[in-house]
>>> print(open('upload-v4.txt').read())   # compact mmCIF, C-alpha atoms
# COMPACT_ATOMS: atom_id res chain seq x y z
CA MET A 1 8.86 -14.28 -9.72
CA LYS A 2 10.34 -13.34 -13.09
CA SER A 3 6.96 -13.68 -14.79
CA GLY A 4 5.42 -11.37 -12.18
CA LEU A 5 8.08 -8.72 -12.72
CA LYS A 6 7.56 -8.91 -16.49
CA ALA A 7 3.81 -8.46 -16.05
CA LEU A 8 4.22 -5.38 -13.84
CA THR A 9 6.74 -3.86 -16.26
CA ALA A 10 4.32 -4.42 -19.14
CA ILE A 11 1.53 -2.64 -17.23
CA LEU A 12 3.72 0.41 -16.59
CA ALA A 13 4.86 0.52 -20.22
CA ALA A 14 1.25 0.34 -21.43
CA MET A 15 0.23 3.26 -19.22
CA PHE A 16 3.02 5.42 -20.61
CA CYS A 17 2.04 4.55 -24.19
CA ILE A 18 -1.56 5.58 -23.56
CA ALA A 19 -0.58 9.08 -22.45
CA PRO A 20 0.27 11.53 -25.26
CA VAL A 21 3.69 13.15 -25.53
CA GLN A 22 2.53 16.40 -23.92
CA ALA A 23 0.40 14.66 -21.29
CA GLN A 24 0.14 16.02 -17.78
CA HIS A 25 2.13 13.32 -16.03
CA THR A 26 4.90 13.02 -13.46
CA LEU A 27 7.37 10.30 -12.55
CA GLY A 28 9.02 10.06 -9.15
CA ILE A 29 10.90 7.91 -6.68
CA VAL A 30 9.44 7.11 -3.27
CA GLY A 31 10.99 5.71 -0.09
CA GLY A 32 10.06 5.42 3.54
CA GLY A 33 9.34 3.26 6.54
CA GLY A 34 6.65 2.33 9.01
CA MET A 35 4.86 -0.54 10.74
CA THR A 36 3.32 -3.87 9.75
CA THR A 37 0.96 -6.29 11.51
CA ALA A 38 -1.68 -8.93 10.79
CA ARG A 39 -5.36 -9.41 11.70
CA LEU A 40 -5.33 -13.10 12.57
CA TYR A 41 -8.62 -14.95 13.04
CA PRO A 42 -9.30 -16.69 15.38
CA SER A 43 -7.86 -13.78 17.32
CA GLN A 44 -4.25 -14.05 18.50
CA GLU A 45 -2.09 -11.86 20.72
CA THR A 46 -0.19 -9.79 18.10
CA ARG A 47 2.08 -6.77 18.10
CA GLY A 48 3.08 -4.28 15.43
CA ILE A 49 6.54 -4.50 13.87
CA TRP A 50 8.12 -1.07 13.41
CA GLY A 51 11.09 -0.31 11.20
CA VAL A 52 9.92 -1.98 7.98
CA MET A 53 11.00 -0.24 4.77
CA SER A 54 9.53 0.44 1.34
CA GLY A 55 10.70 2.06 -1.88
CA GLY A 56 9.85 2.29 -5.56
CA ILE A 57 8.62 4.51 -8.38
CA SER A 58 5.42 6.54 -8.70
CA TRP A 59 3.63 7.61 -11.89
CA ARG A 60 0.73 10.08 -12.03
CA TYR A 61 -1.51 11.38 -14.81
CA TYR A 62 -3.23 14.71 -14.07
CA SER A 63 -6.53 15.41 -15.83
CA ALA A 64 -7.80 18.91 -16.56
CA PRO A 65 -10.96 19.10 -14.33
CA ARG A 66 -10.03 19.90 -10.77
CA PHE A 67 -12.64 17.69 -9.13
CA VAL A 68 -11.38 14.54 -10.87
CA GLY A 69 -7.81 14.83 -9.58
CA CYS A 70 -5.33 12.35 -11.02
CA ILE A 71 -4.80 8.63 -11.49
CA GLY A 72 -1.57 6.68 -11.32
CA LEU A 73 0.44 3.59 -10.50
CA ASP A 74 3.04 2.86 -7.85
CA LEU A 75 5.52 0.01 -8.14
CA GLU A 76 6.92 -0.62 -4.66
CA PHE A 77 9.20 -3.06 -2.90
CA MET A 78 7.83 -3.42 0.63
CA GLN A 79 8.59 -5.34 3.81
CA ARG A 80 5.52 -6.92 5.41
CA GLY A 81 4.84 -9.43 8.17
CA PHE A 82 3.40 -10.16 11.60
CA SER A 83 4.42 -11.09 15.14
CA TYR A 84 2.26 -13.05 17.58
CA ALA A 85 2.59 -14.92 20.87
CA PRO A 86 1.56 -18.61 20.58
CA ASP A 87 1.79 -19.02 24.38
CA ALA A 88 -0.14 -15.90 25.43
CA SER A 89 -2.79 -17.91 27.31
CA ARG A 90 -0.11 -19.37 29.60
CA HIS A 91 1.07 -16.02 30.99
CA ASP A 92 -0.52 -13.12 32.82
CA GLU A 93 1.85 -10.35 31.71
CA ASP A 94 2.85 -9.17 28.24
CA LYS A 95 6.55 -9.19 29.11
CA GLN A 96 6.38 -12.98 29.55
CA TYR A 97 5.20 -13.63 26.00
CA HIS A 98 7.50 -15.39 23.53
CA TYR A 99 6.83 -13.98 20.08
CA TYR A 100 6.99 -15.71 16.74
CA THR A 101 7.74 -13.24 13.92
CA ARG A 102 7.48 -13.82 10.20
CA MET A 103 8.63 -11.23 7.68
CA TYR A 104 8.37 -11.31 3.91
CA ASP A 105 9.25 -9.11 0.98
CA ALA A 106 6.49 -8.06 -1.39
CA LEU A 107 6.23 -6.31 -4.74
CA SER A 108 3.15 -4.07 -4.59
CA LEU A 109 1.25 -2.34 -7.39
CA PRO A 110 -1.28 0.21 -6.03
CA VAL A 111 -3.65 1.60 -8.69
CA VAL A 112 -4.27 5.10 -7.31
CA TRP A 113 -6.97 7.77 -7.53
CA GLN A 114 -5.84 11.08 -6.04
CA PRO A 115 -8.18 14.09 -5.62
CA HIS A 116 -6.23 17.24 -4.73
CA VAL A 117 -6.18 21.04 -4.43
CA TYR A 118 -3.43 23.59 -5.09
CA LEU A 119 -2.37 26.38 -2.72
CA PHE A 120 0.09 29.29 -2.75
CA LYS A 121 -0.19 29.99 -6.47
CA ASN A 122 0.22 26.34 -7.45
CA HIS A 123 3.38 25.81 -5.39
CA LEU A 124 1.74 23.41 -2.92
CA ARG A 125 -0.49 20.41 -3.59
CA VAL A 126 -2.58 18.85 -0.82
CA TYR A 127 -4.17 15.53 -1.67
CA LEU A 128 -6.04 12.47 -0.51
CA GLU A 129 -5.75 9.12 -2.21
CA ALA A 130 -7.48 5.77 -2.50
CA ALA A 131 -6.06 2.72 -4.24
CA LEU A 132 -6.52 -0.91 -5.11
CA ASN A 133 -3.34 -2.77 -4.22
CA LEU A 134 -2.10 -5.89 -6.03
CA GLU A 135 0.78 -7.82 -4.49
CA LEU A 136 3.35 -10.48 -5.33
CA ASN A 137 4.90 -12.13 -2.25
CA LEU A 138 8.60 -12.92 -2.58
CA SER A 139 11.10 -14.34 -0.08
CA SER A 140 10.21 -14.85 3.57
CA ARG A 141 12.01 -15.45 6.88
CA PHE A 142 11.07 -16.22 10.51
CA GLU A 143 12.30 -15.68 14.06
CA TYR A 144 11.03 -17.48 17.16
CA LYS A 145 12.07 -16.66 20.72
CA LEU A 146 11.89 -19.88 22.75
CA HIS A 147 11.16 -20.32 26.46
CA THR A 148 14.80 -21.23 27.04
CA GLY A 149 15.85 -17.77 25.84
CA GLU A 150 17.28 -19.09 22.59
CA VAL A 151 16.19 -17.65 19.27
CA GLU A 152 15.47 -19.84 16.26
CA SER A 153 15.60 -18.03 12.90
CA GLY A 154 16.03 -18.77 9.25
CA VAL A 155 14.41 -18.86 5.84
CA TYR A 156 10.69 -19.54 5.68
CA GLN A 157 10.06 -21.71 2.64
CA ILE A 158 6.97 -20.55 0.74
CA LYS A 159 4.86 -23.57 -0.23
CA ASN A 160 2.00 -23.28 -2.72
CA TYR A 161 -0.30 -25.58 -0.76
CA ARG A 162 0.25 -23.64 2.49
CA ASP A 163 1.05 -20.03 1.54
CA ASN A 164 -0.50 -17.51 -0.84
CA ARG A 165 1.94 -16.10 -3.38
CA PHE A 166 -0.42 -13.36 -4.61
CA GLY A 167 -2.40 -10.87 -2.56
CA TYR A 168 -4.70 -7.89 -2.86
CA GLY A 169 -6.14 -5.14 -0.71
CA LEU A 170 -7.00 -1.46 -0.42
CA CYS A 171 -4.90 1.62 0.39
CA GLY A 172 -5.81 5.04 1.69
CA GLY A 173 -3.97 8.12 2.85
CA GLY A 174 -2.85 11.60 1.94
CA GLY A 175 0.09 13.92 1.60
CA ILE A 176 1.58 17.26 0.61
CA ASP A 177 3.79 18.06 -2.39
CA ALA A 178 5.91 21.22 -2.69
CA ILE A 179 6.34 22.22 -6.36
CA PHE A 180 9.42 24.10 -7.53
CA GLY A 181 9.91 24.38 -11.26
CA ARG A 182 9.35 20.97 -12.80
CA PHE A 183 10.28 19.11 -9.61
CA GLU A 184 8.12 18.03 -6.68
CA LEU A 185 9.16 17.12 -3.14
CA GLY A 186 6.52 15.65 -0.90
CA VAL A 187 5.62 13.59 2.14
CA ARG A 188 2.91 10.94 2.29
CA VAL A 189 1.21 8.68 4.82
CA ARG A 190 -0.61 5.59 3.56
CA TYR A 191 -2.36 2.63 5.19
CA TYR A 192 -2.36 -0.69 3.34
CA PHE A 193 -5.43 -2.73 4.34
CA GLY A 194 -5.07 -6.38 3.34
CA LEU A 195 -8.09 -8.28 2.04
CA SER A 196 -6.35 -11.51 1.09
CA ASP A 197 -4.59 -13.93 3.45
CA ILE A 198 -0.85 -14.57 3.69
CA MET A 199 -1.62 -18.18 4.72
CA LYS A 200 -4.26 -20.41 3.14
CA ASN A 201 -7.20 -21.22 5.39
CA ARG A 202 -8.02 -24.52 7.06
CA ASN A 203 -10.12 -25.77 4.16
CA LYS A 204 -6.96 -25.93 2.04
CA TYR A 205 -4.27 -26.56 4.66
CA TYR A 206 -5.63 -27.82 7.95
CA ASP A 207 -2.96 -29.71 9.88
CA ASN A 208 0.40 -28.05 10.60
CA GLY A 209 1.66 -31.09 12.50
CA THR A 210 4.00 -32.01 9.66
CA ASP A 211 5.74 -28.61 9.82
CA ASN A 212 8.70 -27.79 12.01
CA SER A 213 7.22 -25.94 15.03
CA TYR A 214 10.03 -23.38 14.89
CA VAL A 215 9.26 -22.50 11.28
CA ASN A 216 5.47 -22.66 11.56
CA PRO A 217 4.17 -22.87 15.15
CA PHE A 218 0.46 -22.66 14.26
CA THR A 219 -1.26 -25.81 15.47
CA LEU A 220 -4.02 -25.16 12.94
CA THR A 221 -3.80 -22.74 10.03
CA PRO A 222 -5.76 -19.52 10.84
CA LEU A 223 -9.05 -18.98 9.06
CA ARG A 224 -7.98 -15.45 8.15
CA SER A 225 -4.53 -13.83 8.06
CA PRO A 226 -4.59 -10.48 6.20
CA VAL A 227 -1.53 -8.25 6.64
CA ASP A 228 -1.63 -4.43 7.05
CA ASN A 229 1.06 -1.74 6.73
CA LEU A 230 1.21 1.86 7.93
CA MET A 231 3.91 3.64 5.89
CA PHE A 232 5.40 7.15 5.95
CA SER A 233 7.19 8.11 2.73
CA VAL A 234 9.11 10.89 1.01
CA LYS A 235 8.75 11.46 -2.74
CA LEU A 236 10.84 13.29 -5.34
CA GLY A 237 9.01 13.72 -8.64
CA PHE A 238 9.57 15.28 -12.06
CA ARG A 239 6.92 16.85 -14.34
CA PHE A 240 7.33 16.12 -18.05
CA ASN A 241 5.35 19.12 -19.28
CA ARG A 242 7.33 22.37 -19.18
CA ASN A 243 4.30 24.64 -19.04
CA GLY A 244 2.69 23.13 -15.99
CA PHE A 245 -0.62 21.36 -15.52
CA ASP A 246 -3.64 22.36 -17.59
CA GLU A 247 -5.82 22.62 -14.50
CA TRP A 248 -3.72 25.55 -13.30
CA TYR A 249 -5.03 27.67 -16.15
CA MET A 250 -8.67 26.58 -16.06
CA LYS A 251 -10.89 29.28 -14.57
CA ARG A 252 -14.40 28.75 -13.39
CA PRO A 253 -16.83 30.62 -15.68
CA LYS A 254 -18.63 33.51 -14.02
CA ARG A 255 -22.40 33.43 -13.86
CA ASP A 256 -24.26 36.54 -15.02
CA LYS A 257 -27.20 36.67 -12.65
CA LYS A 258 -28.77 39.63 -14.45
CA ALA A 259 -28.98 37.70 -17.69
CA GLN A 260 -30.91 34.88 -16.08
CA THR A 261 -34.69 35.04 -16.54
CA PHE A 262 -37.58 32.83 -15.61
CA ASN A 263 -40.28 31.97 -18.13
CA PHE A 264 -43.65 32.40 -16.42
CA SER A 265 -45.68 31.31 -19.43
CA LEU A 266 -47.52 27.99 -19.36
CA ASP A 267 -46.88 27.30 -23.06
>>> encode(input="upload-v4.txt", output="structure tokens")
Amino acid sequence: MKSGLKALTAILAAMFCIAPVQAQHTLGIVGGGGMTTARLYPSQETRGIWGVMSGGISWRYYSAPRFVGCIGLDLEFMQRGFSYAPDASRHDEDKQYHYYTRMYDALSLPVVWQPHVYLFKNHLRVYLEAALNLELNLSSRFEYKLHTGEVESGVYQIKNYRDNRFGYGLCGGGGIDAIFGRFELGVRVRYYFGLSDIMKNRNKYYDNGTDNSYVNPFTLTPLRSPVDNLMFSVKLGFRFNRNGFDEWYMKRPKRDKKAQTFNFSLD
């Protein structure tokens, strides 16, 4: 875990060194909450877990051309996980299901591209964003509601031969930033679409019979187990350049239609 934190810190430091002193960049803090779930295959009866939290820092570099937008990095601590009913086939109604829930903490590094437009004399930014997300999975825990009504819970021990420590995926979303002076206050919605699996597939870890059924009730490890998050966040940012962004002062050159001619000669 320490080596992963050092690597992420080095990446952020390198990005700051690349940008010149008067670069068009901002640094902010982000926090919010939302929902997490998993797309298990073979398909299982799952439910979304609401109330998960996230928080971290956000760095953006704004280029001059408007159509390019900006690029940036987010370093986020995020809660992720899934909840599914191992006994769903035994019951006819959802309220009879007994859910097994596993939560884990992750350190995420989305590499972001953000096209945007400005409104109200550059006091409002509306943007979309797309990102590649890299992830380091940290501590994990489980909770299992038994048929007797008792609840088994505790620490889920991450094992290298059973669980994936690193993950990756894609992100997409959008938001609005209100700009006042050198500060920005905004809201954002983002969906994290997992491409990697939280559990290794059956080719690497087939038989779960040696595991405690409370800790890991899967009879066989799923073939796929990507985890998704839907997060709503609030951001407070600071612009390092006093004079504003260069793109504010770039004007589209006017075309002089009268000066345009067409050469009819064949030479």
>>> atom_distance(input="upload-v4.txt", atom1="CA of Tyr41 (chain A)", atom2="CA of Ser153 (chain A)")
24.4 Å
>>> residues_around(input="upload-v4.txt", residues="Gly209 (chain A)", least_positions_apart="4", cutoff="10 Å", atoms="only C-alpha atoms", output="PDB file with C-alpha atoms, in the frame of the given file")
ATOM      1  CA  SER A 213       7.220 -25.940  15.030  1.00  0.00           C
ATOM      2  CA  ASN A 216       5.470 -22.660  11.560  1.00  0.00           C
ATOM      3  CA  PRO A 217       4.170 -22.870  15.150  1.00  0.00           C
ATOM      4  CA  PHE A 218       0.460 -22.660  14.260  1.00  0.00           C
ATOM      5  CA  THR A 219      -1.260 -25.810  15.470  1.00  0.00           C
ATOM      6  CA  LEU A 220      -4.020 -25.160  12.940  1.00  0.00           C
TER       7      LEU A 220
END
>>> closest_residue(input="upload-v4.txt", among="A:Thr221, A:Gln79, A:Asn201, A:Asn164", to="Gly31 (chain A)", atoms="all atoms listed in the file")
A:Gln79
>>> closest_residue(input="upload-v4.txt", among="A:Thr210, A:Asn229, A:Asn241, A:Gln24", to="Ile49 (chain A)", atoms="all atoms listed in the file")
A:Asn229
>>> closest_residue(input="upload-v4.txt", among="A:Phe240, A:Tyr100, A:Tyr161, A:Phe183", to="Tyr205 (chain A)", atoms="all atoms listed in the file")
A:Tyr161
>>> closest_residue(input="upload-v4.txt", among="A:Leu109, A:Ile158, A:Ile176, A:Met103", to="Leu128 (chain A)", atoms="all atoms listed in the file")
A:Ile176
>>> atom_distance(input="upload-v4.txt", atom1="CA of His98 (chain A)", atom2="CA of Gly81 (chain A)")
16.7 Å
>>> decode(input="upload-v4.txt", residues="region 184-196 of chain A", atoms="all heavy atoms", output="PDB file, in the first residue's frame")
ATOM      1  N   GLU A 184     -13.497  28.554  -7.344  1.00  0.00           N
ATOM      2  CA  GLU A 184     -14.547  27.868  -8.070  1.00  0.00           C
ATOM      3  C   GLU A 184     -15.319  26.963  -7.111  1.00  0.00           C
ATOM      4  O   GLU A 184     -14.723  26.280  -6.281  1.00  0.00           O
ATOM      5  CB  GLU A 184     -13.970  27.002  -9.198  1.00  0.00           C
ATOM      6  CG  GLU A 184     -13.152  27.773 -10.211  1.00  0.00           C
ATOM      7  CD  GLU A 184     -12.564  26.859 -11.269  1.00  0.00           C
ATOM      8  OE1 GLU A 184     -12.749  25.625 -11.147  1.00  0.00           O
ATOM      9  OE2 GLU A 184     -11.930  27.364 -12.209  1.00  0.00           O
ATOM     10  N   LEU A 185     -16.636  26.977  -7.238  1.00  0.00           N
ATOM     11  CA  LEU A 185     -17.500  26.102  -6.451  1.00  0.00           C
ATOM     12  C   LEU A 185     -18.409  25.373  -7.420  1.00  0.00           C
ATOM     13  O   LEU A 185     -19.124  26.007  -8.204  1.00  0.00           O
ATOM     14  CB  LEU A 185     -18.329  26.904  -5.450  1.00  0.00           C
ATOM     15  CG  LEU A 185     -19.265  26.085  -4.543  1.00  0.00           C
ATOM     16  CD1 LEU A 185     -18.462  25.146  -3.658  1.00  0.00           C
ATOM     17  CD2 LEU A 185     -20.128  27.013  -3.693  1.00  0.00           C
ATOM     18  N   GLY A 186     -18.345  24.052  -7.402  1.00  0.00           N
ATOM     19  CA  GLY A 186     -19.101  23.313  -8.393  1.00  0.00           C
ATOM     20  C   GLY A 186     -19.711  22.029  -7.874  1.00  0.00           C
ATOM     21  O   GLY A 186     -19.398  21.547  -6.771  1.00  0.00           O
ATOM     22  N   VAL A 187     -20.585  21.462  -8.699  1.00  0.00           N
ATOM     23  CA  VAL A 187     -21.205  20.168  -8.430  1.00  0.00           C
ATOM     24  C   VAL A 187     -20.927  19.258  -9.624  1.00  0.00           C
ATOM     25  O   VAL A 187     -20.826  19.719 -10.765  1.00  0.00           O
ATOM     26  CB  VAL A 187     -22.723  20.294  -8.188  1.00  0.00           C
ATOM     27  CG1 VAL A 187     -22.992  21.059  -6.908  1.00  0.00           C
ATOM     28  CG2 VAL A 187     -23.404  20.983  -9.361  1.00  0.00           C
ATOM     29  N   ARG A 188     -20.816  17.964  -9.341  1.00  0.00           N
ATOM     30  CA  ARG A 188     -20.444  17.017 -10.396  1.00  0.00           C
ATOM     31  C   ARG A 188     -21.144  15.688 -10.173  1.00  0.00           C
ATOM     32  O   ARG A 188     -21.341  15.252  -9.035  1.00  0.00           O
ATOM     33  CB  ARG A 188     -18.931  16.798 -10.370  1.00  0.00           C
ATOM     34  CG  ARG A 188     -18.383  15.845 -11.426  1.00  0.00           C
ATOM     35  CD  ARG A 188     -16.924  15.531 -11.152  1.00  0.00           C
ATOM     36  NE  ARG A 188     -16.767  14.613 -10.026  1.00  0.00           N
ATOM     37  CZ  ARG A 188     -15.609  14.380  -9.409  1.00  0.00           C
ATOM     38  NH1 ARG A 188     -14.523  15.020  -9.786  1.00  0.00           N
ATOM     39  NH2 ARG A 188     -15.551  13.517  -8.411  1.00  0.00           N
ATOM     40  N   VAL A 189     -21.517  15.038 -11.268  1.00  0.00           N
ATOM     41  CA  VAL A 189     -22.010  13.662 -11.216  1.00  0.00           C
ATOM     42  C   VAL A 189     -21.094  12.835 -12.112  1.00  0.00           C
ATOM     43  O   VAL A 189     -20.732  13.250 -13.214  1.00  0.00           O
ATOM     44  CB  VAL A 189     -23.483  13.579 -11.662  1.00  0.00           C
ATOM     45  CG1 VAL A 189     -23.666  14.122 -13.071  1.00  0.00           C
ATOM     46  CG2 VAL A 189     -23.984  12.141 -11.579  1.00  0.00           C
ATOM     47  N   ARG A 190     -20.700  11.663 -11.625  1.00  0.00           N
ATOM     48  CA  ARG A 190     -19.754  10.828 -12.380  1.00  0.00           C
ATOM     49  C   ARG A 190     -20.096   9.360 -12.161  1.00  0.00           C
ATOM     50  O   ARG A 190     -20.401   8.943 -11.042  1.00  0.00           O
ATOM     51  CB  ARG A 190     -18.324  11.110 -11.940  1.00  0.00           C
ATOM     52  CG  ARG A 190     -17.272  10.257 -12.648  1.00  0.00           C
ATOM     53  CD  ARG A 190     -15.905  10.486 -12.060  1.00  0.00           C
ATOM     54  NE  ARG A 190     -15.324  11.758 -12.462  1.00  0.00           N
ATOM     55  CZ  ARG A 190     -14.151  12.193 -12.007  1.00  0.00           C
ATOM     56  NH1 ARG A 190     -13.466  11.474 -11.129  1.00  0.00           N
ATOM     57  NH2 ARG A 190     -13.678  13.353 -12.419  1.00  0.00           N
ATOM     58  N   TYR A 191     -20.013   8.592 -13.256  1.00  0.00           N
ATOM     59  CA  TYR A 191     -20.235   7.147 -13.178  1.00  0.00           C
ATOM     60  C   TYR A 191     -18.912   6.437 -13.422  1.00  0.00           C
ATOM     61  O   TYR A 191     -18.235   6.682 -14.427  1.00  0.00           O
ATOM     62  CB  TYR A 191     -21.267   6.696 -14.210  1.00  0.00           C
ATOM     63  CG  TYR A 191     -21.768   5.289 -13.962  1.00  0.00           C
ATOM     64  CD1 TYR A 191     -22.840   5.071 -13.102  1.00  0.00           C
ATOM     65  CD2 TYR A 191     -21.168   4.182 -14.568  1.00  0.00           C
ATOM     66  CE1 TYR A 191     -23.306   3.791 -12.850  1.00  0.00           C
ATOM     67  CE2 TYR A 191     -21.624   2.898 -14.320  1.00  0.00           C
ATOM     68  CZ  TYR A 191     -22.697   2.709 -13.460  1.00  0.00           C
ATOM     69  OH  TYR A 191     -23.148   1.445 -13.205  1.00  0.00           O
ATOM     70  N   TYR A 192     -18.533   5.570 -12.495  1.00  0.00           N
ATOM     71  CA  TYR A 192     -17.306   4.788 -12.590  1.00  0.00           C
ATOM     72  C   TYR A 192     -17.679   3.396 -13.103  1.00  0.00           C
ATOM     73  O   TYR A 192     -18.363   2.634 -12.413  1.00  0.00           O
ATOM     74  CB  TYR A 192     -16.627   4.674 -11.231  1.00  0.00           C
ATOM     75  CG  TYR A 192     -16.158   5.991 -10.658  1.00  0.00           C
ATOM     76  CD1 TYR A 192     -17.064   6.880 -10.077  1.00  0.00           C
ATOM     77  CD2 TYR A 192     -14.809   6.341 -10.689  1.00  0.00           C
ATOM     78  CE1 TYR A 192     -16.632   8.088  -9.550  1.00  0.00           C
ATOM     79  CE2 TYR A 192     -14.370   7.541 -10.155  1.00  0.00           C
ATOM     80  CZ  TYR A 192     -15.292   8.408  -9.595  1.00  0.00           C
ATOM     81  OH  TYR A 192     -14.864   9.608  -9.069  1.00  0.00           O
ATOM     82  N   PHE A 193     -17.218   3.069 -14.306  1.00  0.00           N
ATOM     83  CA  PHE A 193     -17.557   1.798 -14.957  1.00  0.00           C
ATOM     84  C   PHE A 193     -16.345   0.886 -14.885  1.00  0.00           C
ATOM     85  O   PHE A 193     -15.323   1.114 -15.546  1.00  0.00           O
ATOM     86  CB  PHE A 193     -17.956   2.060 -16.411  1.00  0.00           C
ATOM     87  CG  PHE A 193     -18.438   0.836 -17.136  1.00  0.00           C
ATOM     88  CD1 PHE A 193     -19.742   0.402 -16.995  1.00  0.00           C
ATOM     89  CD2 PHE A 193     -17.579   0.135 -17.969  1.00  0.00           C
ATOM     90  CE1 PHE A 193     -20.187  -0.731 -17.664  1.00  0.00           C
ATOM     91  CE2 PHE A 193     -18.016  -0.990 -18.643  1.00  0.00           C
ATOM     92  CZ  PHE A 193     -19.320  -1.421 -18.495  1.00  0.00           C
ATOM     93  N   GLY A 194     -16.426  -0.154 -14.046  1.00  0.00           N
ATOM     94  CA  GLY A 194     -15.296  -1.045 -13.858  1.00  0.00           C
ATOM     95  C   GLY A 194     -15.081  -1.981 -15.040  1.00  0.00           C
ATOM     96  O   GLY A 194     -16.035  -2.513 -15.608  1.00  0.00           O
ATOM     97  N   LEU A 195     -13.824  -2.158 -15.417  1.00  0.00           N
ATOM     98  CA  LEU A 195     -13.456  -3.103 -16.460  1.00  0.00           C
ATOM     99  C   LEU A 195     -12.702  -4.308 -15.901  1.00  0.00           C
ATOM    100  O   LEU A 195     -12.695  -5.371 -16.507  1.00  0.00           O
ATOM    101  CB  LEU A 195     -12.599  -2.414 -17.530  1.00  0.00           C
ATOM    102  CG  LEU A 195     -13.284  -1.293 -18.321  1.00  0.00           C
ATOM    103  CD1 LEU A 195     -12.302  -0.666 -19.290  1.00  0.00           C
ATOM    104  CD2 LEU A 195     -14.506  -1.815 -19.061  1.00  0.00           C
ATOM    105  N   SER A 196     -12.065  -4.127 -14.775  1.00  0.00           N
ATOM    106  CA  SER A 196     -11.366  -5.229 -14.121  1.00  0.00           C
ATOM    107  C   SER A 196     -12.289  -5.890 -13.092  1.00  0.00           C
ATOM    108  O   SER A 196     -13.375  -5.382 -12.792  1.00  0.00           O
ATOM    109  CB  SER A 196     -10.096  -4.724 -13.438  1.00  0.00           C
ATOM    110  OG  SER A 196     -10.427  -3.778 -12.435  1.00  0.00           O
TER     111      SER A 196
END
